[in-house]
Amino acid sequence: MSIQVRNLTHIYGKGQPDSQLALENINFDIYDEEIVGIIGHTGSGKSTLLQHLNGLLKPEEGTIVVGNDEITAPNFPMRNIRKKVGLVFQYPEYQLFEETVALDIAFGPKNLGMPEDEIWDRIKEVLEMVDLDYDEVADKSPFELSGGQKRRVAIAGVLAMKPQVLILDEPTAGLDPKAHKSILEMIQRVHEKEKNIIIFVSHNMEDIANLSDKVMVMDCGKLVMVGTPKEIFAQRDRLNQIGLNVPPAADLIYKLKDAGIPMADGVVSMEEAEEELYNYLRKK
Amino acid sequence: MKNTITKKIAIGALIAAVYAVLTIAIAPLSYGVMQLRISEAMTVLPAFTPVAIPGLFVGCVISNLLSPVGIMDILLGSLASLIAAYGSHLLRHNKWLVPLPPVVVNAFIVGPMLYFYYGVDVSLIGCILWVGAGQAVVCYGLGLPLMKLLEKYRHLFD
Amino acid sequence: MIRDITLGQYYAAESVVHRVDPRVKIIATLLFIAELFIVDDFKGFILCGGAMALAVAASKVPLGFIMRGLKPILFILMFTFVLNIFMIDGHILVKLWFIKITKEGLLTAAFMAIRLILLIIGSSLLTFTTKPIILTDGIEKLLAPLKAFKVPTHEIAMMMSIALRFIPTLIEETDKIMKAQQARGADFESGNIMQRAKALIPILVPLFISAFQIAQDLAMAMEARCYRGGTGRTRMHAMKLMRRDYFVAIGLVLLLGLVILERIYL
């Protein structure tokens with residue numbers, strides 16, 4: 001299962017006097033079971049790109065191939081895209097509407113025509129994946145749950161459709177540190193269990209560094225950098241120019257280097273920074 | 001939060017805003033001869049809170065203000081909404097009667113408006129029936145299920 | 001999608017008409033409509049049409065924009081026009097089989113059509129040249145005397161300005177909700193009336209909940225800034241009548257007089 005995007009271009013507000021290039025000639029590949037982190041300043045086209053990947057938007061030019069399907073082909077049935085590619089929007093808890101948690105989670109699968117008994121098994125499965133107790137929440141109204149719980153239910157609702165590609169737009173937005181951590185753990189758990197491709201957008205560089213196999217950097221509608229977290233965050237100055245920063249741990253190491261203290265390159269995670277500092281202080 | 005005037009204004013304002021959004025989203029069917037508005041399903045709201053009476057009135061005024069219709073729609077259409085909303089509120093204890101005022105009031109105010117003001121050349125009765133029918137489909141067809149759904153959230157309105 | 005709908009009919013420009021006090025404009029529009037119904041012949045239309053042409057020219061709103069405003073009623077216009085031509089009895093001008101076109105029919109059709117066009121343009125001019133928020137201010141001021149009858153004009157005007165402010169927010173919210181449900185396989189385009197109505201539930205419920213949440217937060221924010229209702233509230237820009245407003249008012253009265261005279265004597 002892989003994704004190929006070629007020459008993707010999207011014009012926002014075509015034909016109107018204030019039209020602009022939302023996406024300009026985007027090209028990339030995503031491979032089986034990869035976790036991809038997308039970063040970019042607000043307005044760089046991240047959300048637009050995500051919406052192309054699940055067919056909500058159609059490009060002006062270019063193609064997207066998911067698995068064996070060219071989803072950008074005219075008349076390609078939306079249902080087939082939605083079966084493969086699941087998109088979780090920002091603050092997804094706002095999309096909950098059903099009378100019970102179970103019914104809300106079942107909404108997606110029902111729309112895709114999943115057989116009834118399969119749906120109920122799947123509901124139990126995904127609730128477990130998002131770390132919620134079936135007996136406790138399944139029959140409750142979604143509106144009785146806490147914010148963090150609601151978010152998990154919303155994510156579960158997308159997971160229930162068994163997407164081979166799971167896209168999450170800022171999954172940790174607005175969460176307190178504990179909930180933040182647990183959502184990240186959940187993403188990793190899902191990845192291990194479902195063995196799918198995960199694409200996520202985040203402004204939290206530490207999350208990006210810790211989770212991603214590959215990082216893609218967007219700027220003004222263009223894809224400007226692609227690489228491993230180490231490769232990307234080694235280019236602090238370039239990132240700063242685009243209005244982005246590096247993970248806090250890396251930032252500290254850079255600042256020390258700027259002050260003249262010899263530090264190794266390619267430090268990205270908290271653990272690596274810890275190690276570097278420890279080594280340095282030991283030598284003194 | 002206490003039921004202060006501020007809260008009432010805020011809720012009324014948002015009812016108006018939702019009404020306007022739903023009307024605008026279905027333009028151009030919402031205006032002129034067609035008058036098919038899914039927002040009219042919201043006319044069941046006065047059964048839940050009296051704040052919906054000015055709320056729907058304001059919503060109607062704004063929907064007409066933001067649209068290419070004549071000032072008559074703004075005046076008469078909104079007036080019809082106000083009267084209908086008040087009627088729905090009065091009838092709130094019988095769920096089958098709640099959607100009735102919007103059907104009847106609009107038929108007899110907007111219908112003649114189409115005939116006399118816009119000069120639509122169907123008979124007066126025809127105009128009245130046309131508006132009434134359109135309203136009935138939305139107010140009963142969409143409004144009743146909406147009422148059922150909102151029953152659960154009744155406590156939110158107090 | 002939904003986002004592409006331009007909100008409101010306001011055409012931004014710097015013109016005298018734009019600057020006239022909203023209260024005067026509202027009354028002017030109402031008077032103009034009344035005049036259009038007082039007129040009973042084409043000569044009266046020349047009077048009204050002339051006055052309106054003046055107003056349109058002064059407003060600097062492009063003719064193309066105004067014509068676009070006529071699009072929605074084009075259908076009624078055609079419909080009425082055609083019916084009038086064929087249905088009214090009188091001097092037969094053309095006869096094709098059983099279809100007849102009479103002189104009276106043509107005249108009536110033309111009369112109705114012209115009146116409708118003038119009506120639409122006249123009232124559109126109000127919304128073209130006045131921002132919605134200014135309009136609500138004007139309406140509030142005009143309805144103020146109703147306060148004596150215990151009508152809560154301030155509260156209603158407040159609801160109007162707040163609603164206007166939140167409409168773009170809610171439209172965006174609706175758009176987001178629609179996309180989120182579509183991503184879950186929801187389909188709003190196909191099916192019969194019943195199916196499509198049912199498909200609206202996943203949009204309406206979250207929309208209502210969202211709106212309600214906004215209302216709660218808003219009320220709290222307002223109270224935190226000491227809002228207590230309309231008593232004793234002042235404004236930052238007080239509405240004052242200027243010279244141009246008085247000119248317009250005089251012009252209006254003149255026009256009304258002329259129209260009435262025209263009807264009686266010509």
# chains A, B, ... in the order shown; residues from 1 in each chain; ligands from 1
>>> residues_around(residues="Gly90 of chain C", least_positions_apart="6", cutoff="8 Å", atoms="only C-alpha atoms", output="PyMOL selection string")
chain C and resi 102-105
>>> residues_around(residues="Ala47 of chain B", least_positions_apart="6", cutoff="7 Å", atoms="only C-alpha atoms", output="number ranges by chain")
B: 88-89, 92, 98
>>> select_by_dssp(residues="segment 67-217 of chain C", states="strand (DSSP E)", output="count of residues only")
9
>>> closest_residue(among="A:Asn196, A:Thr72, A:Ser146, A:Asn279", to="Leu175 of chain A", atoms="only C-alpha atoms")
A:Ser146
>>> residues_around(residues="segment 86-88 of chain A", least_positions_apart="5", cutoff="12 Å", atoms="only C-alpha atoms", output="PyMOL selection string")
(chain A and resi 47+49-56+78-81+93-95+108-109+112+151-172+196-201) or (chain C and resi 176-177+179-185)
>>> residues_around(residues="Thr48 of chain A", least_positions_apart="3", cutoff="9 Å", atoms="only C-alpha atoms", output="PyMOL selection string")
chain A and resi 10+22-23+44-45+51-53+57+221
>>> residues_around(residues="His93 of chain B", least_positions_apart="6", cutoff="12 Å", atoms="only C-alpha atoms", output="VMD selection string")
chain B and resid 44 46 to 48 87 99
>>> closest_residue(among="C:Gln216, C:Asp175, C:Leu255, C:Gly229", to="chain A", atoms="only C-alpha atoms")
C:Asp175
>>> closest_residue(among="A:Tyr134, A:Ala179, A:Asp258, A:Leu96", to="Ile203 of chain C", atoms="only C-alpha atoms")
A:Leu96
>>> closest_residue(among="C:Leu266, C:Met194, C:Ala249, C:Leu107", to="chain B", atoms="only C-alpha atoms")
C:Met194
>>> select_by_dssp(residues="segment 126-167 of chain A", states="alpha helix (DSSP H)", output="short mmCIF file (atom, residue, chain, number, x, y, z; two decimals) with C-alpha atoms, in the first residue's frame")
data_model
loop_
_atom_site.label_atom_id
_atom_site.label_comp_id
_atom_site.auth_asym_id
_atom_site.auth_seq_id
_atom_site.Cartn_x
_atom_site.Cartn_y
_atom_site.Cartn_z
CA VAL A 126 -11.95 0.61 17.99
CA LEU A 127 -13.16 1.67 21.42
CA GLU A 128 -10.45 -0.52 22.84
CA MET A 129 -7.91 1.00 20.47
CA TYR A 134 -17.08 -0.22 25.86
CA ASP A 135 -19.41 -1.00 28.73
CA GLU A 136 -18.93 2.41 30.16
CA VAL A 137 -19.44 4.62 27.13
CA GLY A 147 -13.58 16.77 25.86
CA GLY A 148 -10.78 14.24 25.71
CA GLN A 149 -13.18 11.33 25.61
CA LYS A 150 -15.24 12.99 22.89
CA ARG A 151 -12.16 13.35 20.77
CA ARG A 152 -11.37 9.68 21.11
CA VAL A 153 -14.90 8.77 20.13
CA ALA A 154 -14.59 10.95 17.04
CA ILE A 155 -11.30 9.30 16.10
CA ALA A 156 -12.82 5.90 16.78
CA GLY A 157 -15.59 6.83 14.37
CA VAL A 158 -13.04 7.17 11.59
CA LEU A 159 -11.02 4.13 12.64
#
>>> closest_atom_pairs(of="segment 57-113 of chain C", to="segment 24-43 of chain C", cutoff="10 Å", atoms="only C-alpha atoms", output="tab-separated table")
residue	atom	partner	partner_atom	distance
C:Leu107	CA	C:Phe42	CA	9.4
C:Thr108	CA	C:Asp41	CA	9.9
C:Ala110	CA	C:Phe42	CA	9.2
C:Phe111	CA	C:Phe42	CA	7.0
>>> write_last_selection(atoms="N, CA and C atoms", output="PDB file, in the first residue's frame")
ATOM      1  N   LEU C 107     -50.163  46.220 -22.652  1.00  0.00           N
ATOM      2  CA  LEU C 107     -49.962  47.374 -21.768  1.00  0.00           C
ATOM      3  C   LEU C 107     -49.882  46.941 -20.299  1.00  0.00           C
ATOM      4  N   THR C 108     -50.817  46.067 -19.908  1.00  0.00           N
ATOM      5  CA  THR C 108     -50.795  45.612 -18.517  1.00  0.00           C
ATOM      6  C   THR C 108     -49.494  44.895 -18.203  1.00  0.00           C
ATOM      7  N   ALA C 110     -46.627  45.218 -19.619  1.00  0.00           N
ATOM      8  CA  ALA C 110     -45.523  46.164 -19.527  1.00  0.00           C
ATOM      9  C   ALA C 110     -45.575  46.929 -18.213  1.00  0.00           C
ATOM     10  N   PHE C 111     -46.775  47.351 -17.846  1.00  0.00           N
ATOM     11  CA  PHE C 111     -46.937  48.120 -16.605  1.00  0.00           C
ATOM     12  C   PHE C 111     -46.445  47.335 -15.396  1.00  0.00           C
TER      13      PHE C 111
END
>>> residues_around(residues="Tyr140 of chain B", least_positions_apart="5", cutoff="10 Å", atoms="only C-alpha atoms", output="JSON, numbers by chain")
{"B": [40, 41, 43, 44, 96, 97, 98, 99, 100, 102, 103, 135, 145, 146, 147]}
>>> closest_atom_pairs(of="chain C", to="chain B", cutoff="8 Å", atoms="only C-alpha atoms", output="tab-separated table")
residue	atom	partner	partner_atom	distance
C:Ile2	CA	B:Ala25	CA	6.1
C:Leu7	CA	B:Leu66	CA	6.5
C:Gly8	CA	B:Leu66	CA	3.9
C:Gln9	CA	B:Leu66	CA	6.0
C:Thr29	CA	B:Ile71	CA	7.9
C:Leu30	CA	B:Ile71	CA	7.7
C:Gly69	CA	B:Pro68	CA	5.9
C:Leu70	CA	B:Pro68	CA	7.9
C:Pro72	CA	B:Gly32	CA	7.3
C:Ile73	CA	B:Gly32	CA	6.9
C:Ile76	CA	B:Val120	CA	6.7
C:Phe79	CA	B:Asp121	CA	7.7
C:Thr80	CA	B:Asp121	CA	5.6
C:Leu83	CA	B:Asp121	CA	6.9
C:Asn84	CA	B:Asp121	CA	7.8
C:Met112	CA	B:Gly119	CA	7.1
C:Leu116	CA	B:Tyr118	CA	6.6
C:Leu119	CA	B:Gly70	CA	7.0
C:Ile120	CA	B:Gly70	CA	5.5
C:Ser123	CA	B:Gly70	CA	5.3
C:Ser124	CA	B:Gly70	CA	6.6
C:Thr127	CA	B:Leu65	CA	7.0
C:Pro132	CA	B:Leu65	CA	7.3
C:Glu155	CA	B:Ile9	CA	6.6
C:Ile156	CA	B:Pro54	CA	6.8
C:Met158	CA	B:Ile9	CA	7.3
C:Met159	CA	B:Ala13	CA	4.4
C:Met160	CA	B:Val58	CA	6.0
C:Ile162	CA	B:Ala13	CA	5.9
C:Ala163	CA	B:Ala17	CA	4.7
C:Leu164	CA	B:Ala17	CA	6.8
C:Phe166	CA	B:Ala17	CA	6.4
C:Ile167	CA	B:Ala17	CA	5.4
C:Leu170	CA	B:Val21	CA	7.0
C:Ile171	CA	B:Val21	CA	6.2
C:Ala197	CA	B:Leu142	CA	6.9
C:Leu207	CA	B:Val18	CA	7.9
C:Phe208	CA	B:Val18	CA	7.5
C:Ala211	CA	B:Leu14	CA	5.9
C:Phe212	CA	B:Ile11	CA	6.8
C:Ile214	CA	B:Leu14	CA	7.7
C:Ala215	CA	B:Ala10	CA	4.9
C:Gln216	CA	B:Lys7	CA	6.9
C:Leu218	CA	B:Ala10	CA	6.5
C:Ala219	CA	B:Lys7	CA	5.0
C:Met220	CA	B:Lys7	CA	7.8
C:Met222	CA	B:Thr6	CA	7.2
C:Glu223	CA	B:Thr6	CA	7.0
C:Tyr227	CA	B:Thr6	CA	7.3
C:Arg228	CA	B:Thr6	CA	6.9
C:Gly229	CA	B:Ile5	CA	6.7
>>> write_last_selection(atoms="N, CA and C atoms", output="short mmCIF file (atom, residue, chain, number, x, y, z; two decimals), in the first residue's frame")
data_model
loop_
_atom_site.label_atom_id
_atom_site.label_comp_id
_atom_site.auth_asym_id
_atom_site.auth_seq_id
_atom_site.Cartn_x
_atom_site.Cartn_y
_atom_site.Cartn_z
N ILE C 2 -20.34 26.25 0.17
CA ILE C 2 -21.17 27.26 0.83
C ILE C 2 -20.40 28.55 0.95
N LEU C 7 -21.69 37.28 1.18
CA LEU C 7 -22.65 37.63 2.20
C LEU C 7 -23.24 39.01 1.99
N GLY C 8 -24.53 39.05 1.85
CA GLY C 8 -25.14 40.37 1.79
C GLY C 8 -24.97 41.00 0.44
N GLN C 9 -25.60 42.11 0.28
CA GLN C 9 -25.63 42.76 -1.01
C GLN C 9 -24.86 44.05 -1.04
N THR C 29 -36.87 54.44 1.04
CA THR C 29 -37.23 53.23 0.30
C THR C 29 -38.70 52.89 0.49
N LEU C 30 -39.17 52.97 1.73
CA LEU C 30 -40.58 52.66 1.98
C LEU C 30 -41.49 53.61 1.22
N GLY C 69 -28.91 41.90 -9.64
CA GLY C 69 -29.89 41.78 -8.57
C GLY C 69 -31.27 41.44 -9.10
N LEU C 70 -31.45 41.65 -10.41
CA LEU C 70 -32.76 41.36 -10.98
C LEU C 70 -32.87 39.89 -11.36
N PRO C 72 -32.83 37.00 -9.80
CA PRO C 72 -33.75 36.08 -9.10
C PRO C 72 -35.21 36.26 -9.52
N ILE C 73 -35.59 37.48 -9.86
CA ILE C 73 -37.01 37.65 -10.18
C ILE C 73 -37.28 37.55 -11.67
N ILE C 76 -40.14 35.20 -12.34
CA ILE C 76 -41.49 35.75 -12.09
C ILE C 76 -41.84 36.75 -13.17
N PHE C 79 -42.81 34.99 -16.38
CA PHE C 79 -44.06 34.30 -16.12
C PHE C 79 -45.23 35.27 -16.15
N THR C 80 -45.11 36.33 -15.33
CA THR C 80 -46.18 37.32 -15.25
C THR C 80 -46.41 38.00 -16.59
N LEU C 83 -48.18 35.65 -19.07
CA LEU C 83 -49.57 35.44 -18.70
C LEU C 83 -50.42 36.66 -19.00
N ASN C 84 -49.90 37.82 -18.66
CA ASN C 84 -50.65 39.05 -18.89
C ASN C 84 -50.94 39.29 -20.35
N MET C 112 -46.96 46.11 -15.26
CA MET C 112 -46.57 45.26 -14.13
C MET C 112 -45.07 45.02 -14.12
N LEU C 116 -42.50 46.12 -11.20
CA LEU C 116 -41.72 45.13 -10.46
C LEU C 116 -40.23 45.45 -10.53
N LEU C 119 -39.46 48.36 -8.37
CA LEU C 119 -39.57 47.94 -6.97
C LEU C 119 -38.29 47.26 -6.51
N ILE C 120 -37.84 46.30 -7.29
CA ILE C 120 -36.66 45.54 -6.91
C ILE C 120 -35.43 46.43 -6.86
N SER C 123 -35.60 48.89 -3.86
CA SER C 123 -35.30 48.34 -2.54
C SER C 123 -33.90 47.77 -2.47
N SER C 124 -33.38 47.32 -3.60
CA SER C 124 -32.01 46.80 -3.59
C SER C 124 -31.03 47.91 -3.30
N THR C 127 -30.01 48.04 0.26
CA THR C 127 -29.03 47.09 0.74
C THR C 127 -27.69 47.20 0.01
N PRO C 132 -24.99 45.99 6.47
CA PRO C 132 -26.02 45.38 7.33
C PRO C 132 -25.99 45.93 8.75
N GLU C 155 -32.88 45.15 22.73
CA GLU C 155 -32.50 43.75 22.77
C GLU C 155 -32.59 43.12 21.38
N ILE C 156 -33.61 43.48 20.63
CA ILE C 156 -33.76 42.92 19.30
C ILE C 156 -32.64 43.42 18.38
N MET C 158 -29.76 44.33 19.31
CA MET C 158 -28.55 43.65 19.78
C MET C 158 -28.47 42.26 19.17
N MET C 159 -29.59 41.57 19.18
CA MET C 159 -29.61 40.23 18.60
C MET C 159 -29.23 40.30 17.14
N MET C 160 -29.71 41.34 16.46
CA MET C 160 -29.40 41.46 15.04
C MET C 160 -27.92 41.65 14.81
N ILE C 162 -25.41 40.91 16.77
CA ILE C 162 -24.66 39.72 17.16
C ILE C 162 -24.82 38.63 16.11
N ALA C 163 -26.06 38.42 15.67
CA ALA C 163 -26.31 37.39 14.67
C ALA C 163 -25.48 37.66 13.41
N LEU C 164 -25.49 38.92 12.96
CA LEU C 164 -24.73 39.27 11.76
C LEU C 164 -23.25 38.92 11.95
N PHE C 166 -21.95 36.66 13.78
CA PHE C 166 -21.63 35.25 13.87
C PHE C 166 -21.99 34.43 12.63
N ILE C 167 -22.68 35.05 11.70
CA ILE C 167 -23.04 34.28 10.51
C ILE C 167 -21.82 33.73 9.77
N LEU C 170 -20.52 30.75 11.68
CA LEU C 170 -21.35 29.56 11.58
C LEU C 170 -21.28 28.93 10.19
N ILE C 171 -21.13 29.78 9.18
CA ILE C 171 -21.01 29.23 7.83
C ILE C 171 -19.76 28.38 7.74
N ALA C 197 -33.33 14.81 3.45
CA ALA C 197 -33.66 15.48 4.70
C ALA C 197 -32.99 14.76 5.85
N LEU C 207 -24.34 21.49 14.36
CA LEU C 207 -24.43 22.94 14.15
C LEU C 207 -25.16 23.60 15.30
N PHE C 208 -26.27 23.02 15.70
CA PHE C 208 -27.02 23.56 16.82
C PHE C 208 -26.20 23.57 18.09
N ALA C 211 -23.64 26.24 17.91
CA ALA C 211 -24.24 27.56 18.08
C ALA C 211 -24.57 27.79 19.54
N PHE C 212 -25.09 26.76 20.18
CA PHE C 212 -25.45 26.90 21.57
C PHE C 212 -24.24 27.18 22.43
N ILE C 214 -21.49 28.59 21.49
CA ILE C 214 -21.07 29.97 21.22
C ILE C 214 -21.90 30.94 22.05
N ALA C 215 -23.22 30.68 22.10
CA ALA C 215 -24.10 31.58 22.84
C ALA C 215 -23.70 31.62 24.32
N GLN C 216 -23.44 30.47 24.89
CA GLN C 216 -23.03 30.40 26.29
C GLN C 216 -21.77 31.23 26.53
N LEU C 218 -20.46 33.50 24.70
CA LEU C 218 -20.67 34.92 24.41
C LEU C 218 -21.32 35.62 25.58
N ALA C 219 -22.37 35.00 26.13
CA ALA C 219 -23.08 35.62 27.25
C ALA C 219 -22.12 35.86 28.40
N MET C 220 -21.29 34.88 28.67
CA MET C 220 -20.33 35.03 29.76
C MET C 220 -19.37 36.17 29.49
N MET C 222 -19.84 38.77 27.55
CA MET C 222 -20.53 40.06 27.63
C MET C 222 -20.69 40.50 29.08
N GLU C 223 -21.10 39.54 29.91
CA GLU C 223 -21.32 39.90 31.30
C GLU C 223 -20.01 40.27 31.97
N TYR C 227 -21.98 44.04 30.61
CA TYR C 227 -23.19 44.30 29.85
C TYR C 227 -24.40 43.95 30.72
N ARG C 228 -25.32 44.88 30.79
CA ARG C 228 -26.49 44.59 31.61
C ARG C 228 -27.80 44.85 30.86
N GLY C 229 -27.73 44.92 29.57
CA GLY C 229 -28.94 45.26 28.85
C GLY C 229 -28.85 46.68 28.35
#
>>> residues_around(residues="segment 223-238 of chain A", least_positions_apart="3", cutoff="7 Å", atoms="only C-alpha atoms", output="ChimeraX atom specification")
/A:26,209,212-219,241-242,245-246,266,268
>>> atom_distance(atom1="atom CA of Ile66 of chain C", atom2="atom CA of Gly49 of chain C")
14.4 Å
